[in-house]
Amino acid sequence: MSMKLSDTDLELILEWTKSLALRAGKVIQEGAHVIQSASGSNINEKKNSVDLVTEYDVKVEELVKHEISEKYPSFKFVGEESWSAGHQDALTDDPTFCVDPIDGTTNFCHGFPFYCISLGLIYERRPVLGVVYNPSLDQLYYALKGHGSYLLNGSSPNNPIRLPISGSPKPLASLSQALIAVEWGSDRSVRTLKSKTESFTHLVGNPAQEVKRGKMAHNLRSMGSAALNYCLVAQGGLDIYWEIGTNPWDVCAGIVIAQEAGGVVTGSHKLFESTKDTDALWDVTEDVLVGRKYVVIRGISDSEACFCLLSLLAQY
């Protein structure tokens with residue numbers, strides 16, 4: 001029988017997870033300083049910046065995993081580095097932390113201030129808690145299912161801002177009004193690049209200027225961090241984020257943050273079509289969480305969301 005968590009239990013876990021994110025953020029910033037210092041040093045040094053990124057990725061995950069095992073020894077753990085090392089336990093109903101120690105490692109390597117630690121909690125196979133911390137900008141995003149989504153800026157540590165920042169969501173009648181986040185990813189094969197280039201062209205292209213199926217989206221953005229893209233959708237700075245190829249630890253925390261800000265999340269076109277006329281619409285099940293295809297839309301009405309989503313998914 002799986003462990004049962006009350007709402008009070010989850011609130012306490014959220015507060016502890018926020019403090020853990022801040023502690024991990026200090027290690028991440030230590031790594032950022034070391035990497036930028038190494039970048040300007042002798043090229044023959046033993047460790048290059050890529051080695052150092054991996055070292056700090058592992059270091060942060062080991063810190064987080066140790067802290068969780070001390071505080072919540074019965075909880076399970078899914079992390080990017082441990083998963084890559086072959087520790088791939090099946091998802092169960094038990095409370096499971098889902099962690100990306102440094103999301104946005106290319107940004108981290110280059111000193112581009114858009115990287116974070118992402119700490120999500122899965123309970124009964126669904127994301128229920130999310131904390132995302134960008135230590136470079138000192139911005140902490142967090143959410144608990146049923147309790148709203150918030151942004152805490154380091155300059156105002158005692159004044160959390162409820163998301164979305166605008167309060168009342170703006171209408172989004174079509175993709176022509178949408179600022180959409182997309183990512184190029186790490187697969188640089190001809191097949192993948194051609195497919196993504198064609199898809200992105202269709203999204204922003206003008207059909208009146210010979211772009212077949214062009215949707216004339218307002219514009220695209222590639223920021224380099226899945227977790228922070230979700231947070232920007234929750235915040236209202238992005239209208240839509242579409243991605244194929246990310247993993248549960250990239251998106252688990254962000255899903256809760258986006259949902260609690262009024263946003264909706266779904267997976268593949270097939271999953272969306274199978275639920276669009278049912279009560280399961282926008283329910284992030286295990287199939288969505290591990291499906292590696294995600295669309296998140298900021299808070300608008302369901303009818304508007306469905307229209308935008310169908311227009312978007314028709315491209316792929």
# chains A, B, ... in the order shown; residues from 1 in each chain; ligands from 1
$ residues_around --residues "Lys76 of chain A" --least-positions-apart "3" --cutoff "7 Å" --atoms "only C-alpha atoms" --output "list in words"
Pro95, Thr96 and Phe97 of chain A
$ write_last_selection --atoms "N, CA and C atoms" --output "tab-separated table (two decimals), in the first residue's frame"
chain	number	residue	atom	x	y	z
A	95	PRO	N	5.10	8.66	-3.12
A	95	PRO	CA	5.69	9.99	-3.34
A	95	PRO	C	7.08	9.86	-3.96
A	96	THR	N	7.29	10.58	-5.03
A	96	THR	CA	8.54	10.47	-5.79
A	96	THR	C	9.04	11.85	-6.18
A	97	PHE	N	10.22	12.20	-5.70
A	97	PHE	CA	10.82	13.46	-6.15
A	97	PHE	C	11.38	13.26	-7.55
$ select_by_dssp --residues "segment 88-180 of chain A" --states "helix (DSSP H, G or I)" --output "JSON, numbers by chain"
{"A": [105, 106, 107, 108, 109, 110, 175, 176, 177]}
$ write_last_selection --atoms "C-alpha atoms" --output "short mmCIF file (atom, residue, chain, number, x, y, z; two decimals), in the first residue's frame"
data_model
loop_
_atom_site.label_atom_id
_atom_site.label_comp_id
_atom_site.auth_asym_id
_atom_site.auth_seq_id
_atom_site.Cartn_x
_atom_site.Cartn_y
_atom_site.Cartn_z
CA THR A 105 23.29 23.35 -18.82
CA THR A 106 24.36 25.05 -22.06
CA ASN A 107 23.28 28.39 -20.59
CA PHE A 108 25.06 27.46 -17.35
CA CYS A 109 28.24 26.69 -19.30
CA HIS A 110 28.16 30.03 -21.13
CA LEU A 175 -1.61 31.63 -32.85
CA SER A 176 -1.10 34.96 -34.63
CA GLN A 177 -1.23 36.59 -31.18
#
$ select_by_dssp --residues "segment 3-135 of chain A" --states "strand (DSSP E)" --output "PyMOL selection string"
chain A and resi 76-79+96-103+116-123+126-134
$ atom_distance --atom1 "atom CA of Ala217 of chain A" --atom2 "atom CA of Gly267 of chain A"
20.6 Å
$ closest_residue --among "A:Leu144, A:Lys270, A:Ser118, A:Gln139" --to "Ser156 of chain A" --atoms "only C-alpha atoms"
A:Gln139
$ atom_distance --atom1 "atom CA of Arg213 of chain A" --atom2 "atom CA of Lys196 of chain A"
14.7 Å
$ closest_atom_pairs --of "segment 92-158 of chain A" --to "segment 234-248 of chain A" --cutoff "9 Å" --atoms "only C-alpha atoms" --output "tab-separated table"
residue	atom	partner	partner_atom	distance
A:Cys98	CA	A:Pro248	CA	7.2
A:Val99	CA	A:Pro248	CA	8.5
A:Asp100	CA	A:Pro248	CA	8.9
A:Ser149	CA	A:Ala234	CA	7.8
A:Tyr150	CA	A:Gln235	CA	8.6
A:Leu151	CA	A:Gln235	CA	8.1
$ write_last_selection --atoms "C-alpha atoms" --output "PDB file, in the first residue's frame"
ATOM      1  CA  CYS A  98      11.569  14.188  -9.799  1.00  0.00           C
ATOM      2  CA  VAL A  99      14.685  16.332 -10.091  1.00  0.00           C
ATOM      3  CA  ASP A 100      16.727  18.097 -12.719  1.00  0.00           C
ATOM      4  CA  SER A 149       1.439  29.397  -8.172  1.00  0.00           C
ATOM      5  CA  TYR A 150       3.920  32.037  -6.995  1.00  0.00           C
ATOM      6  CA  LEU A 151       7.105  33.882  -7.859  1.00  0.00           C
TER       7      LEU A 151
END
$ residues_around --residues "segment 11-28 of chain A" --least-positions-apart "3" --cutoff "7 Å" --atoms "only C-alpha atoms" --output "list of chain:residue names"
A:Asp7, A:Thr8, A:Gly31, A:Ala32, A:Tyr56, A:Val60, A:Ile117, A:Leu129, A:Val131, A:Tyr133, A:Pro135
$ atom_distance --atom1 "atom CA of Lys71 of chain A" --atom2 "atom CA of Val251 of chain A"
23.5 Å
$ closest_residue --among "A:Gly254, A:Pro73, A:Gly263, A:Pro101" --to "Lys59 of chain A" --atoms "only C-alpha atoms"
A:Pro101
$ residues_around --residues "Pro160 of chain A" --least-positions-apart "5" --cutoff "12 Å" --atoms "only C-alpha atoms" --output "JSON, numbers by chain"
{"A": [139, 140, 141, 142, 143, 148, 149, 150, 151, 152, 153, 154, 155, 165]}
